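So this one's query.csv, CSV, C-alpha atoms:
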chain,number,residue,atom,x,y,z
T,1,MET,CA,0.0,-8.7,2.0
T,2,GLU,CA,1.1,-12.0,0.5
T,3,ALA,CA,2.7,-14.1,3.2
T,4,PRO,CA,6.1,-15.1,1.8
T,5,ALA,CA,6.3,-18.6,3.0
T,6,ALA,CA,5.8,-22.0,1.5
T,7,ALA,CA,7.5,-21.4,-1.8
T,8,GLU,CA,9.5,-24.1,-3.4
T,9,GLN,CA,13.1,-23.3,-2.7
T,10,ASN,CA,15.9,-24.3,-5.1
T,11,PRO,CA,19.2,-22.5,-4.9
T,12,LEU,CA,20.0,-20.4,-8.0
T,13,ASN,CA,23.4,-19.3,-9.2
T,14,THR,CA,24.6,-16.7,-11.5
T,15,ASP,CA,26.9,-17.8,-14.3
T,16,GLN,CA,29.4,-14.9,-14.1
T,17,SER,CA,31.3,-16.0,-17.2
T,18,GLN,CA,28.3,-15.8,-19.5
T,19,GLY,CA,26.3,-13.3,-17.5
T,20,GLN,CA,23.2,-15.5,-17.5
T,21,LEU,CA,21.0,-16.8,-14.7
T,22,ARG,CA,20.6,-20.5,-14.5
T,23,ARG,CA,16.9,-21.3,-14.5
T,24,THR,CA,15.0,-23.4,-12.1
T,25,ARG,CA,11.5,-23.7,-10.7
T,26,GLY,CA,10.4,-22.2,-7.4
T,27,VAL,CA,12.0,-19.4,-5.3
T,28,SER,CA,15.6,-19.5,-4.3
T,29,GLU,CA,16.8,-19.6,-0.8
T,30,LEU,CA,18.2,-16.1,-1.1
T,31,THR,CA,15.0,-14.7,-2.5
T,32,SER,CA,13.0,-16.3,0.3
T,33,ARG,CA,15.3,-14.6,2.8
T,34,ILE,CA,14.8,-11.3,1.0
T,35,ILE,CA,11.1,-11.7,1.3
T,36,ALA,CA,11.3,-12.6,5.0
T,37,LEU,CA,13.3,-9.5,5.6
T,38,VAL,CA,11.2,-6.9,3.7
T,39,ARG,CA,7.8,-8.1,4.8
T,40,PHE,CA,8.2,-6.2,8.1
T,41,PRO,CA,9.9,-2.9,7.3
T,42,LEU,CA,7.7,-2.2,4.2
T,43,PRO,CA,4.5,-1.9,6.3
T,44,LEU,CA,6.4,0.4,8.6
T,45,ALA,CA,7.3,2.5,5.6
T,46,VAL,CA,3.6,2.6,4.5
T,47,MET,CA,2.7,3.7,8.0
T,48,ALA,CA,5.3,6.4,7.9
T,49,VAL,CA,4.0,7.8,4.7
T,50,HIS,CA,0.5,8.1,6.2
T,51,VAL,CA,1.7,9.7,9.5
T,52,PHE,CA,4.3,12.1,8.1
T,53,ARG,CA,1.9,13.9,5.8
T,54,THR,CA,2.4,17.5,4.7
T,55,LYS,CA,-1.3,18.1,4.5
T,56,PRO,CA,-2.4,20.7,7.1
T,57,PHE,CA,-4.8,19.7,9.9
T,58,THR,CA,-6.5,21.2,13.0
T,59,ALA,CA,-5.9,19.9,16.6
T,60,HIS,CA,-7.1,21.5,19.8
T,61,GLY,CA,-8.3,24.5,17.8
T,62,VAL,CA,-4.9,25.2,16.2
T,63,ASP,CA,-4.3,25.0,12.5
T,64,TYR,CA,-1.1,23.2,11.8
T,65,SER,CA,0.6,24.0,8.5
T,66,PHE,CA,4.3,23.3,8.0
T,67,ASP,CA,5.4,25.4,5.1
T,68,ASP,CA,7.0,27.9,7.4
T,69,MET,CA,8.6,25.3,9.6
T,70,PRO,CA,11.8,24.2,7.7
T,71,LEU,CA,12.8,21.3,10.0
T,72,THR,CA,9.3,19.8,10.0
T,73,HIS,CA,8.8,20.4,6.4
T,74,THR,CA,12.1,18.8,5.5
T,75,LEU,CA,11.2,15.7,7.6
T,76,LEU,CA,7.8,15.4,5.9
T,77,SER,CA,9.1,16.0,2.4
T,78,PHE,CA,11.9,13.5,2.9
T,79,VAL,CA,9.4,10.8,3.8
T,80,GLN,CA,7.0,11.7,1.0
T,81,GLN,CA,9.7,11.8,-1.7
T,82,PHE,CA,12.0,9.0,-0.6
T,83,VAL,CA,9.7,6.6,1.2
T,84,ALA,CA,6.3,7.0,-0.4
T,85,ASP,CA,4.9,4.9,-3.2
T,86,PHE,CA,7.3,2.0,-3.5
T,87,SER,CA,6.2,-0.3,-0.6
T,88,VAL,CA,2.9,-1.4,-2.2
T,89,PRO,CA,4.4,-2.0,-5.7
T,90,THR,CA,7.1,-4.1,-3.9
T,91,PHE,CA,4.3,-6.1,-2.2
T,92,PHE,CA,2.5,-6.6,-5.6
T,93,PHE,CA,5.8,-7.8,-7.1
T,94,ILE,CA,6.5,-10.3,-4.3
T,95,SER,CA,2.9,-11.5,-4.5
T,96,GLY,CA,3.2,-12.2,-8.2
T,97,LEU,CA,6.5,-13.8,-7.7
T,98,LEU,CA,5.2,-16.2,-5.1
T,99,PHE,CA,1.8,-16.9,-6.7
T,100,PHE,CA,3.4,-18.4,-9.8
T,101,ALA,CA,6.4,-20.0,-8.1
T,102,GLY,CA,6.7,-23.6,-8.9
T,103,GLY,CA,4.5,-23.5,-12.0
T,104,PHE,CA,0.8,-22.7,-12.7
T,105,SER,CA,-2.1,-24.9,-13.8
T,106,ALA,CA,-5.8,-25.1,-13.4
T,107,GLU,CA,-5.5,-27.2,-10.3
T,108,ILE,CA,-2.9,-25.0,-8.7
T,109,TYR,CA,-5.2,-22.0,-9.5
T,110,ARG,CA,-8.2,-23.5,-7.8
T,111,ARG,CA,-6.2,-24.5,-4.7
T,112,LYS,CA,-4.6,-21.1,-4.4
T,113,LEU,CA,-7.9,-19.3,-4.8
T,114,LYS,CA,-9.3,-21.3,-1.9
T,115,ARG,CA,-6.3,-20.4,0.3
T,116,ARG,CA,-6.4,-16.7,-0.7
T,117,ALA,CA,-10.1,-16.6,0.3
T,118,ARG,CA,-9.0,-17.4,3.9
T,119,SER,CA,-5.8,-15.3,4.0
T,120,LEU,CA,-7.1,-12.2,2.0
T,121,LEU,CA,-10.9,-12.1,1.5
T,122,ILE,CA,-12.0,-12.9,5.0
T,123,PRO,CA,-9.6,-10.5,6.7
T,124,TYR,CA,-10.6,-7.8,4.2
T,125,ILE,CA,-14.2,-8.1,5.1
T,126,VAL,CA,-13.5,-8.2,8.9
T,127,TRP,CA,-11.2,-5.2,8.8
T,128,ASN,CA,-13.7,-3.2,6.9
T,129,LEU,CA,-16.4,-4.0,9.4
T,130,LEU,CA,-14.1,-2.9,12.2
T,131,ALA,CA,-13.4,0.3,10.3
T,132,LEU,CA,-17.1,0.8,9.9
T,133,GLY,CA,-17.6,0.3,13.6
T,134,TYR,CA,-14.7,2.7,14.4
T,135,ILE,CA,-16.5,5.4,12.3
T,136,ALA,CA,-19.8,4.6,14.1
T,137,ALA,CA,-18.2,4.9,17.5
T,138,PHE,CA,-17.5,8.6,16.9
T,139,GLU,CA,-21.3,9.2,17.0
T,140,LEU,CA,-21.0,8.6,20.7
T,141,LEU,CA,-18.4,11.4,21.1
T,142,PRO,CA,-19.2,15.1,21.5
T,143,PHE,CA,-16.9,16.1,18.6
T,144,LYS,CA,-18.1,14.6,15.4
T,145,SER,CA,-16.6,16.8,12.8
T,146,ASP,CA,-13.5,14.7,12.4
T,147,ILE,CA,-15.6,11.8,11.0
T,148,ALA,CA,-15.7,13.8,7.8
T,149,SER,CA,-12.0,13.2,7.4
T,150,ILE,CA,-12.6,9.5,7.2
T,151,CYS,CA,-15.7,9.0,5.0
T,152,GLY,CA,-16.9,12.5,4.0
T,153,LYS,CA,-20.2,12.3,6.0
T,154,GLY,CA,-21.5,11.3,9.4
T,155,PHE,CA,-22.9,7.8,10.1
T,156,GLU,CA,-26.0,8.3,8.0
T,157,PHE,CA,-25.3,5.3,5.8
T,158,THR,CA,-27.8,3.3,3.8
T,159,VAL,CA,-27.3,-0.4,3.2
T,160,GLY,CA,-26.1,0.6,-0.3
T,161,ASP,CA,-23.5,3.0,1.2
T,162,ILE,CA,-22.2,0.3,3.5
T,163,LEU,CA,-21.9,-2.2,0.7
T,164,ARG,CA,-20.2,0.3,-1.6
T,165,GLY,CA,-17.9,1.5,1.2
T,166,MET,CA,-16.8,-2.1,1.8
T,167,TRP,CA,-15.7,-2.5,-1.8
T,168,VAL,CA,-15.6,0.6,-3.9
T,169,GLY,CA,-15.2,3.2,-1.1
T,170,LEU,CA,-17.1,6.3,-0.3
T,171,ARG,CA,-14.6,8.9,-1.3
T,172,ASP,CA,-13.1,10.1,-4.6
T,173,THR,CA,-10.0,8.1,-3.9
T,174,ASN,CA,-12.0,4.9,-4.1
T,175,VAL,CA,-10.6,3.4,-0.9
T,176,PRO,CA,-12.6,1.1,1.3
T,177,PHE,CA,-13.5,1.8,4.9
T,178,ALA,CA,-10.2,0.3,5.9
T,179,GLY,CA,-8.4,2.6,3.5
T,180,THR,CA,-5.0,0.8,3.2
T,181,LEU,CA,-6.7,-2.4,2.2
T,182,TRP,CA,-7.3,-1.2,-1.3
T,183,PHE,CA,-4.0,-3.1,-1.8
T,184,ILE,CA,-5.7,-6.3,-0.7
T,185,ARG,CA,-8.7,-5.5,-2.9
T,186,GLU,CA,-6.6,-5.0,-6.0
T,187,LEU,CA,-4.4,-8.1,-5.1
T,188,MET,CA,-7.5,-10.2,-5.0
T,189,THR,CA,-8.5,-8.8,-8.4
T,190,VAL,CA,-5.3,-9.7,-10.1
T,191,ILE,CA,-5.2,-13.1,-8.5
T,192,VAL,CA,-8.6,-13.8,-10.1
T,193,LEU,CA,-7.2,-12.6,-13.4
T,194,SER,CA,-4.0,-14.6,-12.9
T,195,PRO,CA,-4.8,-17.2,-15.7
T,196,LEU,CA,-5.1,-14.4,-18.2
T,197,LEU,CA,-1.9,-12.8,-16.9
T,198,ALA,CA,0.0,-16.1,-17.1
T,199,TRP,CA,-1.2,-16.6,-20.7
T,200,MET,CA,-0.1,-13.1,-21.7
T,201,VAL,CA,3.3,-13.6,-20.2
T,202,ARG,CA,3.8,-16.9,-21.8
T,203,LYS,CA,2.6,-15.8,-25.3
T,204,LEU,CA,3.7,-12.2,-25.4
T,205,ARG,CA,6.7,-12.3,-23.1
T,206,TRP,CA,7.6,-8.9,-21.8
T,207,TRP,CA,5.1,-6.9,-24.0
T,208,PRO,CA,2.4,-6.9,-21.3
T,209,LEU,CA,4.8,-5.3,-18.9
T,210,VAL,CA,5.4,-2.5,-21.4
T,211,ALA,CA,1.7,-1.9,-21.9
T,212,PHE,CA,0.9,-2.1,-18.1
T,213,TRP,CA,3.8,0.3,-17.3
T,214,ALA,CA,2.5,2.8,-19.9
T,215,VAL,CA,-1.0,2.8,-18.4
T,216,TRP,CA,0.3,2.9,-14.8
T,217,ALA,CA,2.8,5.7,-15.6
T,218,ALA,CA,0.1,7.7,-17.3
T,219,CYS,CA,-2.3,7.3,-14.4
T,220,PHE,CA,0.5,8.2,-11.9
T,221,VAL,CA,1.5,11.4,-13.8
T,222,VAL,CA,-2.0,12.8,-14.3
T,223,GLY,CA,-2.6,12.2,-10.6
T,224,SER,CA,-5.5,9.8,-11.0
T,225,GLU,CA,-6.8,8.7,-7.6
T,226,GLY,CA,-9.4,6.2,-8.7
T,227,TYR,CA,-9.5,2.6,-9.5
T,228,LEU,CA,-7.5,3.0,-12.7
T,229,ARG,CA,-4.3,4.0,-10.8
T,230,PHE,CA,-4.8,1.3,-8.2
T,231,ILE,CA,-5.5,-1.5,-10.6
T,232,SER,CA,-2.8,-0.4,-13.1
T,233,SER,CA,-0.2,-0.6,-10.2
T,234,ALA,CA,-1.4,-4.1,-9.3
T,235,LEU,CA,-1.4,-5.3,-12.9
T,236,LEU,CA,2.1,-3.9,-13.6
T,237,PHE,CA,4.0,-5.1,-10.5
T,238,PHE,CA,2.1,-8.4,-10.0
T,239,THR,CA,2.7,-9.3,-13.6
T,240,ALA,CA,6.3,-8.4,-13.2
T,241,GLY,CA,6.6,-10.9,-10.4
T,242,ALA,CA,4.8,-13.4,-12.5
T,243,TYR,CA,7.2,-12.8,-15.4
T,244,PHE,CA,10.1,-13.7,-13.2
T,245,SER,CA,8.5,-16.9,-11.8
T,246,LEU,CA,7.0,-18.1,-15.1
T,247,ASN,CA,10.4,-17.6,-16.8
T,248,HIS,CA,12.3,-19.2,-13.9
T,249,LEU,CA,14.3,-16.1,-13.2
T,250,ASP,CA,15.5,-15.3,-9.7
T,251,PRO,CA,15.3,-11.5,-9.1
T,252,ALA,CA,17.9,-11.5,-6.3
T,253,PRO,CA,21.1,-11.8,-8.4
T,254,ILE,CA,19.6,-9.7,-11.2
T,255,PHE,CA,18.8,-6.8,-8.9
T,256,VAL,CA,22.0,-7.1,-7.0
T,257,ARG,CA,24.0,-6.6,-10.2
T,258,ARG,CA,22.1,-3.4,-10.9
T,259,TRP,CA,21.6,-1.9,-7.4
T,260,ARG,CA,24.3,0.8,-7.7
T,261,ARG,CA,22.8,2.2,-10.9
T,262,ALA,CA,19.3,2.0,-9.4
T,263,LEU,CA,20.5,3.8,-6.2
T,264,ALA,CA,22.2,6.6,-8.2
T,265,MET,CA,19.1,7.1,-10.3
T,266,PHE,CA,16.7,6.9,-7.3
T,267,VAL,CA,18.7,9.5,-5.2
T,268,GLY,CA,19.2,11.8,-8.2
T,269,LEU,CA,15.5,11.8,-9.1
T,270,GLY,CA,14.6,12.3,-5.4
T,271,VAL,CA,17.0,15.3,-5.0
T,272,VAL,CA,15.6,16.9,-8.2
T,273,THR,CA,12.1,16.4,-7.0
T,274,VAL,CA,12.8,17.9,-3.5
T,275,THR,CA,14.8,20.9,-4.8
T,276,CYS,CA,12.4,21.6,-7.7
T,277,SER,CA,9.2,21.0,-5.9
T,278,GLU,CA,8.2,24.7,-6.0
T,279,SER,CA,9.3,25.3,-9.6
T,280,LEU,CA,8.2,22.2,-11.6
T,281,PRO,CA,4.5,21.4,-12.3
T,282,ALA,CA,2.9,18.6,-10.4
T,283,GLU,CA,2.8,16.4,-13.4
T,284,ALA,CA,6.6,16.7,-13.9
T,285,LEU,CA,7.2,15.8,-10.3
T,286,ARG,CA,5.0,12.8,-10.5
T,287,ALA,CA,6.7,11.7,-13.7
T,288,LEU,CA,10.1,11.8,-11.8
T,289,LYS,CA,8.4,9.7,-9.1
T,290,ALA,CA,7.1,7.2,-11.5
T,291,LEU,CA,10.7,6.7,-12.8
T,292,SER,CA,12.1,6.3,-9.3
T,293,ILE,CA,9.6,3.6,-8.1
T,294,PRO,CA,11.1,0.7,-10.2
T,295,CYS,CA,14.5,1.8,-9.0
T,296,ALA,CA,13.3,1.6,-5.4
T,297,LEU,CA,12.1,-2.0,-6.0
T,298,VAL,CA,15.6,-3.0,-7.2
T,299,ILE,CA,17.2,-1.3,-4.2
T,300,VAL,CA,14.9,-3.0,-1.7
T,301,PHE,CA,15.7,-6.4,-3.1
T,302,ALA,CA,19.4,-5.7,-3.4
T,303,VAL,CA,19.9,-4.3,0.0
T,304,ALA,CA,18.0,-7.2,1.6
T,305,ALA,CA,20.0,-9.7,-0.4
T,306,ILE,CA,23.3,-8.2,0.6
T,307,TRP,CA,22.4,-7.9,4.3
T,308,GLY,CA,20.3,-11.1,4.3
T,309,GLY,CA,23.2,-13.3,3.4
T,310,THR,CA,25.1,-12.5,6.6
T,311,SER,CA,25.1,-14.6,9.8
T,312,LEU,CA,23.7,-11.5,11.6
T,313,ARG,CA,20.4,-11.8,9.8
T,314,GLN,CA,20.2,-15.5,10.6
T,315,ARG,CA,20.8,-14.8,14.3
T,316,LEU,CA,18.2,-12.1,14.3
T,317,LEU,CA,15.4,-13.7,12.3
T,318,GLY,CA,16.4,-17.4,12.4
T,319,GLN,CA,14.4,-18.2,15.6
T,320,ARG,CA,11.2,-19.9,14.6
T,321,ALA,CA,9.0,-18.1,17.0
T,322,LEU,CA,10.1,-14.6,15.8
T,323,SER,CA,10.1,-15.6,12.2
T,324,ASP,CA,6.5,-17.0,12.4
T,325,ALA,CA,5.3,-13.8,14.2
T,326,ILE,CA,6.6,-11.4,11.6
T,327,PRO,CA,4.1,-12.0,8.8
T,328,GLY,CA,1.2,-11.8,11.1
T,329,ILE,CA,2.2,-8.6,12.9
T,330,ALA,CA,3.2,-7.0,9.5
T,331,PHE,CA,-0.3,-7.6,8.1
T,332,PHE,CA,-1.8,-6.3,11.4
T,333,ILE,CA,0.2,-3.1,11.3
T,334,PHE,CA,-0.6,-2.6,7.6
T,335,ALA,CA,-4.3,-2.9,8.2
T,336,ALA,CA,-4.8,-1.3,11.6
T,337,HIS,CA,-2.7,1.9,11.1
T,338,GLY,CA,-4.9,3.0,8.2
T,339,ILE,CA,-7.9,3.2,10.6
T,340,LEU,CA,-6.1,4.8,13.5
T,341,PHE,CA,-3.3,7.1,12.2
T,342,PHE,CA,-5.3,10.3,11.7
T,343,HIS,CA,-7.1,10.5,15.0
T,344,TRP,CA,-3.9,9.3,16.8
T,345,LYS,CA,-2.0,12.2,15.3
T,346,ILE,CA,-4.7,14.6,16.4
T,347,ALA,CA,-4.6,13.1,19.9
T,348,MET,CA,-0.8,13.4,20.1
T,349,PHE,CA,-0.8,17.0,18.9
T,350,THR,CA,-3.6,17.8,21.3
T,351,LEU,CA,-1.7,16.2,24.2
T,352,LEU,CA,1.7,17.6,23.4
T,353,ARG,CA,0.6,21.0,21.9
T,354,PRO,CA,3.8,21.7,20.0
T,355,GLU,CA,4.5,25.3,19.1
T,356,SER,CA,8.0,25.4,17.7
T,357,ASP,CA,9.4,23.9,14.5
T,358,ALA,CA,11.5,21.3,16.4
T,359,ALA,CA,8.6,20.5,18.7
T,360,CYS,CA,6.3,19.7,15.8
T,361,ALA,CA,9.0,17.5,14.2
T,362,LEU,CA,9.4,15.6,17.5
T,363,THR,CA,5.6,15.3,17.8
T,364,PHE,CA,5.4,13.6,14.4
T,365,ILE,CA,8.1,11.2,15.5
T,366,ALA,CA,6.4,10.5,18.8
T,367,THR,CA,3.1,9.9,16.9
T,368,TYR,CA,4.7,7.4,14.7
T,369,ALA,CA,6.5,5.6,17.5
T,370,THR,CA,3.6,5.4,19.9
T,371,LEU,CA,1.2,4.3,17.2
T,372,PHE,CA,3.6,1.4,16.3
T,373,LEU,CA,3.8,0.4,20.0
T,374,LEU,CA,0.0,0.6,20.4
T,375,ILE,CA,-0.6,-1.6,17.4
T,376,CYS,CA,2.0,-4.2,18.4
T,377,ALA,CA,0.6,-4.2,22.0
T,378,VAL,CA,-2.9,-4.9,20.7
T,379,TYR,CA,-1.6,-7.6,18.4
T,380,LEU,CA,0.3,-9.4,21.2
T,381,LEU,CA,-2.7,-9.0,23.6
T,382,LEU,CA,-5.0,-10.6,21.1
T,383,GLY,CA,-2.5,-13.5,20.8
T,384,ARG,CA,-2.8,-14.0,24.5
T,385,ILE,CA,-6.5,-13.7,24.9
T,386,PHE,CA,-8.1,-14.4,21.5
T,387,PRO,CA,-5.5,-16.3,19.4
T,388,THR,CA,-8.1,-17.3,16.8
T,389,ILE,CA,-9.1,-13.6,16.3
T,390,GLN,CA,-5.5,-12.6,16.1
T,391,ARG,CA,-4.9,-15.2,13.3
T,392,LEU,CA,-8.1,-14.0,11.5
T,393,LEU,CA,-7.0,-10.3,11.6
T,394,SER,CA,-3.5,-11.1,10.5
T,395,GLY,CA,-4.5,-13.2,7.5
T,396,ARG,CA,-3.1,-16.5,9.0
T,397,LEU,CA,-6.2,-18.7,9.1

File written out as structure tokens:
Amino acid sequence: MEAPAAAEQNPLNTDQSQGQLRRTRGVSELTSRIIALVRFPLPLAVMAVHVFRTKPFTAHGVDYSFDDMPLTHTLLSFVQQFVADFSVPTFFFISGLLFFAGGFSAEIYRRKLKRRARSLLIPYIVWNLLALGYIAAFELLPFKSDIASICGKGFEFTVGDILRGMWVGLRDTNVPFAGTLWFIRELMTVIVLSPLLAWMVRKLRWWPLVAFWAVWAACFVVGSEGYLRFISSALLFFTAGAYFSLNHLDPAPIFVRRWRRALAMFVGLGVVTVTCSESLPAEALRALKALSIPCALVIVFAVAAIWGGTSLRQRLLGQRALSDAIPGIAFFIFAAHGILFFHWKIAMFTLLRPESDAACALTFIATYATLFLLICAVYLLLGRIFPTIQRLLSGRL
């Protein structure tokens, strides 16, 4: 997750009489506030998508399937249809916006590569080693079957398996050991490619966005789970952020002017997807989702812009200590929950043993809330005992 600080800030205004945005370099104060606001709830949305899954599972010998539980199924479907899939594209967009803010040159590229090695590459390696250790720890437990849910095999890894799992991944979905960090992997890839992307935007204007959207939408619709879907998402939304920065366009006022239409389209597509989930083919449902994700990006920015301009936001997030803590804990939640969420869910269902529809829905909510509290507690404890390790794991070296 790109830390949204240290961008050059120049206020931007919208010329309402001509309907054109005055151009400047850097990121406006309002856009910086938006980024400060969304960098915490978006990882929580990612965690919700992973916890509130409709996929059946087994806990304490009971098979949990929620098709015949209308309350639980509605809760899970709501999260999957209205929350899933837009958080990571938003992060890619913000990362592209910030990476190119203030201009781009060979010297800037070298300097930013060095910084990203500390804030992205090192945490990526460390988190994957922790995930590998987490998998290995299950060899010490009497129940080992759940390991298959993580990596598809026990801990019978060769050196080649470990190296491949650190980068390519061991499953068909091509995620690394620390599964959610495929985002960091693809972000590092597009950052390396950023000179080429900058050249394409400068020479071809918005045509690269059209090409990247076509590839991404095609991968999304056919349900590709491999690298092509991941990298196409990174290329599209990172380049979209680059387009705004390199053309000195502030997304905040542009998105605010269009948020009502985006919201209407997003809700409409979501309602159609939920109500027609049994009658439409999977490809059609994913096509509707692919159309709704750009709308969600507009809505996220617009809502944060509208609320972020109030004095309430300044009172809540204006304190330096809290503001400084948010990027670190957001990264920590994003990385840690991908390792823990499945077994934490199994543990909660084993502990609470829900039988009714309402009890299952409440158990999902309790799983999400307690996992959030656990990760926050570990983060704060690390800050007390091992502050250097905390900074390392939160990408703040």

Fewer than 3 positions away in the same chain doesn't count, so skip those; otherwise give me all residues within 12 Å of segment 335-338 of chain T, counting only C-alpha atoms, as JSON, numbers by chain.
{"T": [1, 43, 44, 45, 46, 47, 48, 49, 50, 51, 120, 123, 124, 125, 126, 127, 128, 130, 131, 134, 150, 175, 176, 177, 178, 179, 180, 181, 182, 183, 184, 328, 329, 330, 331, 332, 341, 342, 343, 344, 345, 367, 368, 369, 370, 371, 372, 373, 374, 375, 376, 378, 379, 393, 394, 395]}

Between atom CA of Ile35 of chain T and atom CA of Ala304 of chain T - distance in Å to one decimal:
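According to the coordinates, atom CA of Ala304 of chain T and atom CA of Ile35 of chain T are separated by 8.2 Å.
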
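Checking T:Ala117, T:Ala218, T:Leu76, T:Ala305 one by one against Ser28 of chain T, counting only C-alpha atoms, you find the shortest gap at T:Ala305.
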
Which residue is closest to Val272 of chain T? Choose from T:Arg260, T:Val215, T:Arg391, T:Leu285 and count all atoms listed in the file.
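Answer, going by the shortest atom-to-atom distance: T:Leu285.
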
Which protein, DNA or RNA residues have an atom at most 12 Å from (17.5, 13.6, -13.3), counting only C-alpha atoms? List them as an MDAnalysis selection string.
chainID T and resid 264:276 284:285 287:289 291:292

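Closest approach to Met69 of chain T from the set T:Ala217, T:Pro41, T:Trp307, T:Thr54 is made by T:Thr54, with distances taken over only C-alpha atoms.
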
Using all atoms listed in the file, find the one residue out of T:Ile293, T:Leu381, T:Leu235, T:Ile333 that sits nearest to Gln81 of chain T.
T:Ile293

I'd like the interatomic distance between atom CA of Ile346 of chain T and atom CA of Phe57 of chain T, to a tenth of an Å.
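Value for the atom CA of Ile346 of chain T-atom CA of Phe57 of chain T distance: 8.3 Å.
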
What's the 7 Å shell around Arg286 of chain T, counting only C-alpha atoms, without same-chain residues fewer than 3 positions away, as number ranges by chain?
T: 220-221, 282-283, 289-290

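Note that the spacing between atom CA of Leu42 of chain T and atom CA of Leu170 of chain T amounts to 26.6 Å.
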
I need the residue nearest Arg261 of chain T from this list: T:Ile299, T:Val88, T:Arg53, T:Glu278. Use only C-alpha atoms for the distance.
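For Arg261 of chain T, the nearest of the given residues is T:Ile299.
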